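K.L.:
I have a structure I would like to understand better, so I am pasting it below and will then ask my questions one at a time.
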Amino acid sequence: MTQLSRRDALKFSVLGAAALALPMERLVDAKEASDRIATSRLPRRYTTPLAVPAVLAPVRSTATTDYYVVTQQPTVAEIIPGLPTEMWGYNGLVPGPTIKTQRGREAVVRQINALPQRHPRLGYEPTTSTHLHGSPSLPQFDGYASDLTAPEQFKDYAYSNTMEARTLWYHDHGLHHTAENVYMGLAAQYHTTDELEQSLPIPRGEHDIPLILGDKIFAQDGSLIWEDNGHSGLWGDVIVVNGTPWPVLNVKRRKYRFRILNGSIARGYRLALSTGEPMTVIATDGGLVPVPKPVSSLRIGMAERYDVVIDFSKYRPGQLVELRNLGVKNSIDYDHTGKVMAFKVTGDSFDPSNDEVPQELNPAAPAMNLDPSMASRTRRFEFVRTNGLWTINGKTWENVIASDFQEVIANPGLDDVEVWEFKNNSGGWFHPVHVHLIDFKVLERNGRPPRPEECGPKDVVYVGEGETIRLIARFGPHEGKYMIHCHNLPHEDHDMMHQFQVGPAGSGEDPIEGAPAQPLPAPPL
Amino acid sequence: MVTMTRVAAGGAEATWARWPAGASLFLAGAAHLYAGVEHADHGTLHIGFFLGAGVVQILLGWQLFQAPRTWEVVAAAAVTLGLIATFVVSRTTALLPAGAGHHDSPDPAALSSEAVLGLVVVSAELVSVVALPMMLSGRVRAVVMNAVLLTGVGMWVLWLGAPLLT
């Protein structure tokens with residue numbers, strides 16, 4: 001009989017040790033790194049109904065203006081069954097209530113900071129600044145990072161709502177703590193509609209549903225864990241949609257419009273249906289696209305919005321259609337981050353009106369009709385990590401502060417058309433870059449056409465690993481200082497953010513002094 | 001030299017070793033089939049890999065029970081070493097599609113079911129790696145044993161060098 005020699009035993013031990021010890025080492029490392037909750041205590045996928053955020057009613061309306069009051073306050077949610085999770089919500093809701101407005105009607109939103117004096121775990125003072133993302137707001141109402149509202153203060157934000165119909169979102173933009181504040185729950189959608197959108201037979205009402213994607217890490221006691229990996233990003237192992245982990249939505253056999261917002265701190269998604277059927281993109285960040293675009297998958301970086309129509313008429317009652325995340329480079333995936341939510345098709349009767357996607361939606365979208373021949377100049381921006389700081393052309397928001405908020409990285413004239421080029425040389429991370437005030441058209445991605453879903457006006461562009469993006473925009477309608485930054489929020493906070501000036505130096509309202517926060521108590525709106 | 005000789009007829013080889021070798025391959029194959037079902041939402045590449053590995057291991061395990069030919073034993077050893085290497089590389093580096101991005105959900109109470117399944121499979125495969133060379137003799141056995149050593153060394157080298165690669 002062939003015996004096992006000592007030499008054989010040595011050879012086996014080299015292999016055996018590698019096969020067992022190396023994978024175990026990673027597991028042990030991961031477990032020692034945090035007090036994360038056990039996977040077995042998380043809700044089962046696709047068992048909890050999707051929650052649709054409430055619509056906020058104005059406290060008062062005049063012939064031209066609707067007035068809203070939003071209070072930023074602590075709240076306790078039960079996201080993990082049986083465990084309390086302390087969060088911060090607009091009006092105590094996570095996500096916050098949706099504000100629905102009509103193009104041309106002004107909205108005044110009073111933001112009251114009723115947050116505690118200190119973050120419960122991280123200990124910083126939660127000064128906030130509220131940005132209406134997607135709105136060409138005046139500088140003093142744009143959520144300028146250093147225009148802060150401290151606890152026990154309030155600020156009235158005035159929005160003219162002059163833009164085309166679109167899905168916007170309001171979220172915190174406070175200096176150096178945007179990531180933590182948004183992670184705690186300070187985010188919500190804001191919809192503006194207009195006559196064009198109302199004239200289209202696209203799904204609306206109960207068939208028009210906001211989906212705010214996020215990812216969280218929970219501790220064993222249900223509290224949120226903050227772990228931003230040295231300011232690189234936070235990637236949670238629990239996917240939430242409208243605050244619910246891996247929810248399910250009952251749908252009828254017709255078309256639905258989903259307003260998808262990536263509200264994650266640092267996770268990108270590539271969304272696809274489990275059936276392999278396409279979703280039809282009908283709107284991007286800046287509103288309706290000229291022509292609807294069916295896509296088999298959809299890449300969505302942080303802060304990007306894509307409104308898609310999914311047609312459930314082709315599925316049988318009882319069928320479960322999953323919305324999956326195929327993942328993107330440099331977002332850390334866990335066992336169940338490939339799942340987002342599910343749709344359960346029912347045989348219920350439904351209203352057959354507004355069940356179409358017309359061939360043409362908004363061919364006159366202003367940004368989409370810009371052409372490089374109209375541009376007065378091209379500017380280049382490099383998004384680089386230098387000495388542990390995230391920078392734009394080597395500059396950070398600290399440079400802006402040090403210059404007493406005078407330093408700008410670009411200075412287009414009012415109504416100038418310019419081509420901006422964003423470059424990310426790294427292979428280790430991507431940057432969803434947000435330019436405030438404007439809508440733009442993506443022209444090229446590394447010299448090639450943009451992705452199919454980038455077929456409409458945008459205000460965030462996914463600058464992938466090793467990519468150079470060219471885009472074109474008209475700078476207006478306001479003069480003043482506006483921010484440009486990465487929407488990976490730890491990148492933004494540390495400190496990949498700068499500003500540009502539209503119009504001559506010093507023109508436009510001062511973003512900090514123009515309408516500063518006031519101490520409570522607030523007078524009636 | 002690899003011949004068509006049946007191992008059971010070889011005389012010097014440990015024919016009893018076919019039982020643990022075959023049983024462990026059966027177990028690993030069944031676990032791979034289960035993993036294929038569990039990875040149903042990970043795309044055809046993953047499903048295909050797990051189902052393919054499972055079927056091959058079960059077929060090889062069955063052959064080992066049947067007084068296998070030498071080449072079948074060598075094939076079983078090669079497949080098993082390859083699968084062990086794939087497991088380790090996928091769990092410790094970003095070199096494969098399911099690489100560093102595939103994190104087990106950290107579970108302070110216990111290992112996740114995926115981690116347990118992975119360790120069960122690789123343990124079974126290690127049993128077969130120990131048993132299979134006992135069914136061989138001479139130069140063929142020496143070649144297989146050297147392959148065992150090289151696979152082990154390769155994994156350690158890759159693990160030590162992986163931070164430079166990722």
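Chain lettering (A, B, ...) mirrors the order of the structure tokens, residue numbering begins at 1 for each chain separately, and ligand numbering begins at 1 in order of display.
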For Met87 (chain A), list every protein, DNA or RNA residue within 9 Å, evaluated using only C-alpha atoms, and leave out those in the same chain fewer than 2 positions away; present the list as number ranges by chain.
P.N.:
A: 73-77, 85, 89, 92-94, 183-186, 223-224
K.L.:
Write to file, as an mmCIF file, in the first residue's frame, the residues of the selection just made, with N, CA, C and O atoms.
P.N.:
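Saved file result.cif follows:
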data_model
loop_
_atom_site.group_PDB
_atom_site.id
_atom_site.type_symbol
_atom_site.label_atom_id
_atom_site.label_comp_id
_atom_site.auth_asym_id
_atom_site.auth_seq_id
_atom_site.Cartn_x
_atom_site.Cartn_y
_atom_site.Cartn_z
ATOM 1 N N GLN A 73 -35.177 66.856 11.911
ATOM 2 C CA GLN A 73 -35.297 66.412 13.291
ATOM 3 C C GLN A 73 -34.929 64.947 13.451
ATOM 4 O O GLN A 73 -35.015 64.168 12.491
ATOM 5 N N PRO A 74 -34.533 64.559 14.659
ATOM 6 C CA PRO A 74 -34.238 63.142 14.901
ATOM 7 C C PRO A 74 -35.521 62.313 14.840
ATOM 8 O O PRO A 74 -36.613 62.817 15.130
ATOM 9 N N THR A 75 -35.365 61.085 14.472
ATOM 10 C CA THR A 75 -36.500 60.174 14.444
ATOM 11 C C THR A 75 -35.969 58.762 14.690
ATOM 12 O O THR A 75 -34.776 58.517 14.528
ATOM 13 N N VAL A 76 -36.840 57.894 15.109
ATOM 14 C CA VAL A 76 -36.442 56.508 15.323
ATOM 15 C C VAL A 76 -37.227 55.639 14.344
ATOM 16 O O VAL A 76 -38.459 55.651 14.346
ATOM 17 N N ALA A 77 -36.510 54.933 13.499
ATOM 18 C CA ALA A 77 -37.145 54.064 12.509
ATOM 19 C C ALA A 77 -36.917 52.607 12.904
ATOM 20 O O ALA A 77 -35.953 52.287 13.607
ATOM 21 N N THR A 85 -33.609 52.288 15.048
ATOM 22 C CA THR A 85 -32.492 52.943 14.366
ATOM 23 C C THR A 85 -32.692 54.443 14.461
ATOM 24 O O THR A 85 -33.686 54.970 13.932
ATOM 25 N N GLY A 89 -34.534 62.994 9.936
ATOM 26 C CA GLY A 89 -35.427 63.061 8.792
ATOM 27 C C GLY A 89 -35.991 64.447 8.598
ATOM 28 O O GLY A 89 -36.107 65.227 9.553
ATOM 29 N N GLY A 92 -39.110 64.421 10.219
ATOM 30 C CA GLY A 92 -39.034 63.137 10.912
ATOM 31 C C GLY A 92 -39.243 61.942 10.013
ATOM 32 O O GLY A 92 -39.419 60.827 10.504
ATOM 33 N N LEU A 93 -39.231 62.141 8.694
ATOM 34 C CA LEU A 93 -39.462 61.042 7.756
ATOM 35 C C LEU A 93 -38.167 60.700 7.028
ATOM 36 O O LEU A 93 -37.402 61.584 6.654
ATOM 37 N N VAL A 94 -37.950 59.401 6.803
ATOM 38 C CA VAL A 94 -36.777 58.944 6.064
ATOM 39 C C VAL A 94 -37.229 57.964 4.981
ATOM 40 O O VAL A 94 -37.726 56.902 5.317
ATOM 41 N N TYR A 183 -26.522 60.350 5.026
ATOM 42 C CA TYR A 183 -26.583 58.958 5.496
ATOM 43 C C TYR A 183 -27.592 58.818 6.635
ATOM 44 O O TYR A 183 -28.295 57.815 6.743
ATOM 45 N N MET A 184 -27.675 59.847 7.465
ATOM 46 C CA MET A 184 -28.628 59.810 8.574
ATOM 47 C C MET A 184 -30.069 59.978 8.090
ATOM 48 O O MET A 184 -31.008 59.767 8.862
ATOM 49 N N GLY A 185 -30.253 60.440 6.837
ATOM 50 C CA GLY A 185 -31.609 60.479 6.288
ATOM 51 C C GLY A 185 -32.050 61.788 5.677
ATOM 52 O O GLY A 185 -33.204 61.892 5.238
ATOM 53 N N LEU A 186 -31.193 62.790 5.636
ATOM 54 C CA LEU A 186 -31.626 64.098 5.138
ATOM 55 C C LEU A 186 -31.602 64.130 3.614
ATOM 56 O O LEU A 186 -30.702 64.711 2.991
ATOM 57 N N SER A 223 -28.398 50.494 15.346
ATOM 58 C CA SER A 223 -27.926 51.833 14.978
ATOM 59 C C SER A 223 -27.101 51.767 13.690
ATOM 60 O O SER A 223 -26.617 50.700 13.297
ATOM 61 N N LEU A 224 -26.980 52.922 13.052
ATOM 62 C CA LEU A 224 -26.217 52.985 11.811
ATOM 63 C C LEU A 224 -24.729 53.048 12.123
ATOM 64 O O LEU A 224 -24.301 53.768 13.023
#
K.L.:
Can you list, as a PyMOL selection string, every protein, DNA or RNA residue that comes within 12 Å of Val143 (chain B) when you count only C-alpha atoms, leaving out same-chain residues fewer than 2 positions away?
P.N.:
(chain A and resi 8) or (chain B and resi 1-2+74+77-78+133+136-141+145-150)
K.L.:
Can you work out which residues from chain A touch chain B at a cut-off of 7 Å (counting only C-alpha atoms) and hand them back as a list of chain:residue names?
P.N.:
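So the contacting residues turn out to be A:Met1, A:Thr2, A:Asp8, A:Lys11, A:Phe12, A:Val14, A:Leu15, A:Gly16, A:Ala18, A:Ala19, A:Leu22, A:Pro23, A:Ala30, A:Lys31, A:Asp35, A:Arg36, A:Ile37, A:Ala38, A:Thr39, A:Asp237, A:Ile332, A:Asp333, A:Tyr334, A:Asp335.
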K.L.:
A:Asp348, A:Asp371, A:Asp285, A:Asp495: which is nearest Cys455 (chain A), counting only C-alpha atoms?
P.N.:
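Looking only at the distances to Cys455 (chain A), the closest residue turns out to be A:Asp285.
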K.L.:
How would you write, as a count of residues only, the set of residues in region 394-514 of chain A that DSSP gives as strand (DSSP E)?
P.N.:
44
K.L.:
In Å, how far is it from CA of Glu407 (chain A) to CA of Lys481 (chain A)?
P.N.:
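Going from CA of Glu407 (chain A) over to CA of Lys481 (chain A), I get 9.8 Å.
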K.L.:
Identify, on the basis of only C-alpha atoms, every residue whose closest approach to Asp156 (chain A) does not exceed 8 Å; exclude the query and any residue fewer than 4 positions from it along the same chain; express the result as an MDAnalysis selection string.
P.N.:
chainID A and resid 108:111 517
K.L.:
So, counting only C-alpha atoms, which residue among A:Ile469, A:Leu437, A:Leu50, A:Val70 is closest to Pro450 (chain A)?
P.N.:
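Comparing A:Ile469, A:Leu437, A:Leu50, A:Val70 against Pro450 (chain A), the winner is A:Ile469.
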K.L.:
Write down as an mmCIF file with N, CA and C atoms, in the first residue's frame the residues belonging to region 411-506 of chain A that are assigned alpha helix (DSSP H) by DSSP computed on the backbone.
P.N.:
data_model
loop_
_atom_site.group_PDB
_atom_site.id
_atom_site.type_symbol
_atom_site.label_atom_id
_atom_site.label_comp_id
_atom_site.auth_asym_id
_atom_site.auth_seq_id
_atom_site.Cartn_x
_atom_site.Cartn_y
_atom_site.Cartn_z
ATOM 1 N N LEU A 489 -19.938 61.309 -1.525
ATOM 2 C CA LEU A 489 -20.013 62.352 -0.498
ATOM 3 C C LEU A 489 -18.776 62.429 0.407
ATOM 4 N N PRO A 490 -18.135 61.320 0.777
ATOM 5 C CA PRO A 490 -16.858 61.480 1.483
ATOM 6 C C PRO A 490 -15.805 62.193 0.627
ATOM 7 N N HIS A 491 -15.827 61.983 -0.675
ATOM 8 C CA HIS A 491 -14.908 62.742 -1.542
ATOM 9 C C HIS A 491 -15.253 64.230 -1.460
ATOM 10 N N GLU A 492 -16.532 64.542 -1.576
ATOM 11 C CA GLU A 492 -16.963 65.945 -1.525
ATOM 12 C C GLU A 492 -16.540 66.602 -0.205
ATOM 13 N N ASP A 493 -16.761 65.888 0.898
ATOM 14 C CA ASP A 493 -16.461 66.458 2.213
ATOM 15 C C ASP A 493 -14.964 66.613 2.453
#
K.L.:
Please identify all polymer residues within 10 Å of region 48-64 of chain B, counting only C-alpha atoms, omitting same-chain residues fewer than 4 positions from it, and present them as a compact mmCIF listing (two decimals) with all heavy atoms, in the first residue's frame.
P.N.:
# COMPACT_ATOMS: atom_id res chain seq x y z
N VAL B 7 -6.49 1.42 -11.92
CA VAL B 7 -5.76 1.56 -10.67
C VAL B 7 -5.92 0.33 -9.79
O VAL B 7 -4.97 -0.15 -9.18
CB VAL B 7 -6.25 2.82 -9.93
CG1 VAL B 7 -5.70 2.85 -8.51
CG2 VAL B 7 -5.81 4.06 -10.69
N THR B 15 -5.98 0.98 -3.07
CA THR B 15 -7.29 0.98 -3.71
C THR B 15 -8.40 1.44 -2.76
O THR B 15 -9.42 1.95 -3.19
CB THR B 15 -7.64 -0.43 -4.22
OG1 THR B 15 -7.52 -1.34 -3.13
CG2 THR B 15 -6.71 -0.82 -5.34
N ALA B 17 -8.30 3.97 -1.10
CA ALA B 17 -8.34 5.43 -1.14
C ALA B 17 -9.43 5.94 -2.08
O ALA B 17 -9.83 7.11 -2.01
CB ALA B 17 -6.99 5.99 -1.56
N ARG B 18 -9.89 5.06 -2.99
CA ARG B 18 -10.93 5.54 -3.92
C ARG B 18 -12.22 5.88 -3.19
O ARG B 18 -13.01 6.67 -3.68
CB ARG B 18 -11.18 4.53 -5.03
CG ARG B 18 -11.86 3.27 -4.59
CD ARG B 18 -11.81 2.25 -5.70
NE ARG B 18 -12.78 1.18 -5.48
CZ ARG B 18 -12.64 -0.03 -5.98
NH1 ARG B 18 -11.59 -0.32 -6.72
NH2 ARG B 18 -13.56 -0.94 -5.77
N TRP B 19 -12.42 5.25 -2.02
CA TRP B 19 -13.68 5.53 -1.31
C TRP B 19 -13.71 6.93 -0.71
O TRP B 19 -14.64 7.70 -0.99
CB TRP B 19 -13.92 4.47 -0.23
CG TRP B 19 -14.04 3.09 -0.84
CD1 TRP B 19 -13.16 2.06 -0.74
CD2 TRP B 19 -15.09 2.64 -1.71
NE1 TRP B 19 -13.58 0.98 -1.48
CE2 TRP B 19 -14.76 1.31 -2.08
CE3 TRP B 19 -16.26 3.21 -2.22
CZ2 TRP B 19 -15.57 0.54 -2.93
CZ3 TRP B 19 -17.06 2.44 -3.05
CH2 TRP B 19 -16.71 1.14 -3.39
N PRO B 20 -12.69 7.32 0.08
CA PRO B 20 -12.73 8.72 0.54
C PRO B 20 -12.59 9.72 -0.61
O PRO B 20 -13.21 10.79 -0.58
CB PRO B 20 -11.53 8.81 1.50
CG PRO B 20 -10.67 7.64 1.20
CD PRO B 20 -11.57 6.57 0.69
N ALA B 21 -11.78 9.37 -1.62
CA ALA B 21 -11.62 10.30 -2.74
C ALA B 21 -12.95 10.49 -3.47
O ALA B 21 -13.37 11.62 -3.75
CB ALA B 21 -10.55 9.79 -3.70
N GLY B 22 -13.61 9.38 -3.77
CA GLY B 22 -14.88 9.47 -4.50
C GLY B 22 -15.96 10.14 -3.67
O GLY B 22 -16.70 11.00 -4.16
N ALA B 23 -16.03 9.78 -2.38
CA ALA B 23 -17.08 10.36 -1.52
C ALA B 23 -16.89 11.86 -1.36
O ALA B 23 -17.85 12.64 -1.41
CB ALA B 23 -17.07 9.67 -0.16
N SER B 24 -15.64 12.27 -1.19
CA SER B 24 -15.41 13.71 -0.99
C SER B 24 -15.70 14.48 -2.27
O SER B 24 -16.21 15.60 -2.23
CB SER B 24 -13.99 13.96 -0.49
OG SER B 24 -13.05 13.41 -1.38
N LEU B 25 -15.39 13.88 -3.42
CA LEU B 25 -15.72 14.57 -4.67
C LEU B 25 -17.24 14.64 -4.86
O LEU B 25 -17.77 15.63 -5.36
CB LEU B 25 -15.07 13.86 -5.86
CG LEU B 25 -13.60 14.23 -6.13
CD1 LEU B 25 -13.12 13.57 -7.41
CD2 LEU B 25 -13.44 15.73 -6.23
N PHE B 26 -17.92 13.58 -4.47
CA PHE B 26 -19.39 13.59 -4.52
C PHE B 26 -19.95 14.74 -3.68
O PHE B 26 -20.82 15.50 -4.11
CB PHE B 26 -19.93 12.26 -4.00
CG PHE B 26 -20.61 11.44 -5.04
CD1 PHE B 26 -19.89 10.47 -5.74
CD2 PHE B 26 -21.94 11.63 -5.36
CE1 PHE B 26 -20.50 9.72 -6.73
CE2 PHE B 26 -22.56 10.88 -6.34
CZ PHE B 26 -21.83 9.91 -7.03
N LEU B 27 -19.41 14.84 -2.46
CA LEU B 27 -19.89 15.89 -1.55
C LEU B 27 -19.61 17.28 -2.12
O LEU B 27 -20.48 18.16 -2.14
CB LEU B 27 -19.20 15.73 -0.19
CG LEU B 27 -19.51 16.80 0.85
CD1 LEU B 27 -21.00 16.81 1.21
CD2 LEU B 27 -18.68 16.58 2.12
N ALA B 28 -18.38 17.48 -2.59
CA ALA B 28 -18.02 18.78 -3.16
C ALA B 28 -18.87 19.09 -4.39
O ALA B 28 -19.32 20.23 -4.59
CB ALA B 28 -16.54 18.80 -3.51
N GLY B 29 -19.11 18.06 -5.21
CA GLY B 29 -19.93 18.27 -6.41
C GLY B 29 -21.35 18.66 -6.07
O GLY B 29 -21.92 19.59 -6.66
N ALA B 30 -21.92 17.97 -5.09
CA ALA B 30 -23.29 18.31 -4.67
C ALA B 30 -23.34 19.74 -4.13
O ALA B 30 -24.29 20.49 -4.41
CB ALA B 30 -23.76 17.32 -3.62
N ALA B 31 -22.32 20.10 -3.36
CA ALA B 31 -22.29 21.46 -2.81
C ALA B 31 -22.17 22.50 -3.93
O ALA B 31 -22.77 23.57 -3.87
CB ALA B 31 -21.12 21.60 -1.83
N HIS B 32 -21.41 22.18 -4.96
CA HIS B 32 -21.30 23.11 -6.09
C HIS B 32 -22.64 23.26 -6.81
O HIS B 32 -22.99 24.35 -7.26
CB HIS B 32 -20.21 22.64 -7.07
CG HIS B 32 -18.85 23.16 -6.72
ND1 HIS B 32 -17.75 22.34 -6.57
CD2 HIS B 32 -18.40 24.43 -6.48
CE1 HIS B 32 -16.69 23.08 -6.25
NE2 HIS B 32 -17.06 24.34 -6.19
N LEU B 33 -23.37 22.16 -6.95
CA LEU B 33 -24.69 22.26 -7.58
C LEU B 33 -25.60 23.17 -6.75
O LEU B 33 -26.33 24.02 -7.28
CB LEU B 33 -25.32 20.87 -7.73
CG LEU B 33 -24.65 19.92 -8.71
CD1 LEU B 33 -25.41 18.59 -8.75
CD2 LEU B 33 -24.59 20.53 -10.11
N TYR B 34 -25.54 22.99 -5.44
CA TYR B 34 -26.35 23.84 -4.55
C TYR B 34 -25.92 25.30 -4.70
O TYR B 34 -26.76 26.20 -4.78
CB TYR B 34 -26.18 23.37 -3.10
CG TYR B 34 -26.87 24.25 -2.09
CD1 TYR B 34 -28.26 24.20 -1.95
CD2 TYR B 34 -26.15 25.14 -1.30
CE1 TYR B 34 -28.90 25.02 -1.03
CE2 TYR B 34 -26.78 25.96 -0.39
CZ TYR B 34 -28.16 25.90 -0.25
OH TYR B 34 -28.79 26.72 0.64
N ALA B 35 -24.60 25.52 -4.76
CA ALA B 35 -24.11 26.89 -4.92
C ALA B 35 -24.59 27.49 -6.24
O ALA B 35 -24.88 28.69 -6.33
CB ALA B 35 -22.58 26.92 -4.85
N GLY B 36 -24.69 26.66 -7.27
CA GLY B 36 -25.20 27.15 -8.56
C GLY B 36 -26.62 27.67 -8.43
O GLY B 36 -26.97 28.72 -8.98
N VAL B 37 -27.44 26.94 -7.68
CA VAL B 37 -28.82 27.39 -7.44
C VAL B 37 -28.81 28.68 -6.62
O VAL B 37 -29.53 29.64 -6.91
CB VAL B 37 -29.62 26.29 -6.72
CG1 VAL B 37 -31.02 26.79 -6.37
CG2 VAL B 37 -29.69 25.04 -7.59
N GLU B 38 -27.95 28.71 -5.59
CA GLU B 38 -27.88 29.90 -4.72
C GLU B 38 -27.41 31.14 -5.48
O GLU B 38 -27.74 32.26 -5.13
CB GLU B 38 -26.90 29.63 -3.56
CG GLU B 38 -27.49 28.80 -2.46
CD GLU B 38 -28.51 29.59 -1.65
OE1 GLU B 38 -28.11 30.49 -0.91
OE2 GLU B 38 -29.72 29.31 -1.80
N HIS B 39 -26.60 30.93 -6.53
CA HIS B 39 -26.07 32.05 -7.30
C HIS B 39 -26.93 32.34 -8.53
O HIS B 39 -26.45 32.95 -9.48
CB HIS B 39 -24.63 31.77 -7.74
CG HIS B 39 -23.62 31.95 -6.64
ND1 HIS B 39 -23.51 31.06 -5.60
CD2 HIS B 39 -22.70 32.92 -6.41
CE1 HIS B 39 -22.55 31.47 -4.78
NE2 HIS B 39 -22.05 32.60 -5.24
N ALA B 40 -28.18 31.93 -8.47
CA ALA B 40 -29.05 32.08 -9.64
C ALA B 40 -29.17 33.53 -10.08
O ALA B 40 -29.41 33.82 -11.25
CB ALA B 40 -30.43 31.51 -9.35
N GLY B 43 -25.91 35.75 -12.57
CA GLY B 43 -25.59 35.72 -14.00
C GLY B 43 -25.12 34.35 -14.45
O GLY B 43 -24.77 33.47 -13.66
N THR B 44 -25.10 34.18 -15.77
CA THR B 44 -24.84 32.87 -16.35
C THR B 44 -23.41 32.39 -16.10
O THR B 44 -23.17 31.19 -16.00
CB THR B 44 -25.11 32.89 -17.86
OG1 THR B 44 -24.42 34.00 -18.43
CG2 THR B 44 -26.60 33.02 -18.15
N PRO B 68 -11.03 3.16 -11.11
CA PRO B 68 -10.75 4.12 -12.19
C PRO B 68 -9.43 3.83 -12.90
O PRO B 68 -8.54 3.19 -12.34
CB PRO B 68 -10.66 5.43 -11.44
CG PRO B 68 -10.19 5.05 -10.08
CD PRO B 68 -10.84 3.74 -9.78
N ARG B 69 -9.34 4.35 -14.13
CA ARG B 69 -8.08 4.33 -14.84
C ARG B 69 -7.18 5.43 -14.26
O ARG B 69 -7.66 6.36 -13.63
CB ARG B 69 -8.31 4.59 -16.33
CG ARG B 69 -9.11 3.50 -17.01
CD ARG B 69 -9.32 3.83 -18.47
NE ARG B 69 -10.02 2.75 -19.15
CZ ARG B 69 -11.35 2.63 -19.20
NH1 ARG B 69 -12.12 3.53 -18.59
NH2 ARG B 69 -11.90 1.63 -19.83
N GLU B 72 -7.97 8.94 -15.13
CA GLU B 72 -9.15 9.48 -14.44
C GLU B 72 -8.78 10.00 -13.06
O GLU B 72 -9.29 11.00 -12.59
CB GLU B 72 -10.24 8.41 -14.36
CG GLU B 72 -10.86 8.13 -15.71
CD GLU B 72 -11.72 6.86 -15.73
OE1 GLU B 72 -11.49 5.96 -14.88
OE2 GLU B 72 -12.59 6.78 -16.60
N VAL B 73 -7.86 9.29 -12.41
CA VAL B 73 -7.39 9.76 -11.10
C VAL B 73 -6.62 11.08 -11.26
O VAL B 73 -6.81 12.03 -10.50
CB VAL B 73 -6.50 8.69 -10.43
CG1 VAL B 73 -5.97 9.21 -9.10
CG2 VAL B 73 -7.27 7.40 -10.25
N ALA B 75 -6.96 13.21 -13.67
CA ALA B 75 -7.93 14.26 -14.02
C ALA B 75 -8.66 14.75 -12.78
O ALA B 75 -8.87 15.96 -12.60
CB ALA B 75 -8.93 13.72 -15.05
N ALA B 76 -9.02 13.82 -11.91
CA ALA B 76 -9.71 14.22 -10.68
C ALA B 76 -8.81 15.12 -9.84
O ALA B 76 -9.26 16.12 -9.27
CB ALA B 76 -10.12 12.98 -9.88
N ALA B 77 -7.52 14.76 -9.77
CA ALA B 77 -6.59 15.58 -8.99
C ALA B 77 -6.44 16.97 -9.62
O ALA B 77 -6.44 17.99 -8.91
CB ALA B 77 -5.23 14.89 -8.91
N VAL B 79 -8.55 18.63 -11.61
CA VAL B 79 -9.78 19.41 -11.44
C VAL B 79 -9.88 19.92 -10.00
O VAL B 79 -10.21 21.08 -9.75
CB VAL B 79 -11.01 18.54 -11.80
CG1 VAL B 79 -12.29 19.19 -11.31
CG2 VAL B 79 -11.07 18.32 -13.31
N THR B 80 -9.56 19.06 -9.06
CA THR B 80 -9.70 19.44 -7.66
C THR B 80 -8.71 20.55 -7.29
O THR B 80 -9.07 21.53 -6.63
CB THR B 80 -9.49 18.22 -6.76
OG1 THR B 80 -10.38 17.18 -7.20
CG2 THR B 80 -9.79 18.54 -5.31
N LEU B 83 -9.95 23.79 -8.71
CA LEU B 83 -11.08 24.38 -7.98
C LEU B 83 -10.65 24.97 -6.65
O LEU B 83 -11.14 26.02 -6.24
CB LEU B 83 -12.17 23.32 -7.78
CG LEU B 83 -12.93 22.95 -9.06
CD1 LEU B 83 -13.85 21.75 -8.80
CD2 LEU B 83 -13.74 24.13 -9.58
N GLU B 125 -12.59 18.80 -0.76
CA GLU B 125 -11.63 18.72 -1.87
C GLU B 125 -10.22 18.41 -1.35
O GLU B 125 -9.46 17.68 -2.01
CB GLU B 125 -11.65 20.03 -2.66
CG GLU B 125 -12.93 20.17 -3.49
CD GLU B 125 -13.12 21.55 -4.08
OE1 GLU B 125 -12.44 22.50 -3.62
OE2 GLU B 125 -13.95 21.70 -5.00
N SER B 128 -9.92 14.73 -0.86
CA SER B 128 -9.71 14.01 -2.12
C SER B 128 -8.29 14.23 -2.64
O SER B 128 -7.70 13.32 -3.22
CB SER B 128 -10.75 14.42 -3.16
OG SER B 128 -10.51 15.72 -3.61
N LEU B 132 -6.27 10.97 -3.49
CA LEU B 132 -6.04 10.63 -4.90
C LEU B 132 -4.61 10.17 -5.20
O LEU B 132 -4.44 9.14 -5.89
CB LEU B 132 -6.43 11.82 -5.80
CG LEU B 132 -7.94 12.05 -5.95
CD1 LEU B 132 -8.23 13.43 -6.56
CD2 LEU B 132 -8.56 10.95 -6.80
N MET B 135 -3.72 6.59 -4.81
CA MET B 135 -4.19 5.65 -5.82
C MET B 135 -3.21 5.58 -6.99
O MET B 135 -3.48 4.88 -7.97
CB MET B 135 -5.58 6.07 -6.33
CG MET B 135 -6.62 6.14 -5.21
SD MET B 135 -8.12 6.98 -5.72
CE MET B 135 -8.78 5.80 -6.88
K.L.:
When you look at Gly263 (chain A) with a cut-off of 8 Å (counting only C-alpha atoms), what residues show up, excluding the ones that are within fewer than 2 positions of it in the same chain? I need them as a list of chain:residue names.
P.N.:
A:Ala187, A:Ile212, A:Leu213, A:Gly214, A:Leu261, A:Ile265, A:Met302, A:Ala303
K.L.:
Could you please determine the separation between CA of Pro49 (chain A) and CA of Ile202 (chain A) in Å, to one decimal place?
P.N.:
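Those two atoms sit 24.5 Å apart.
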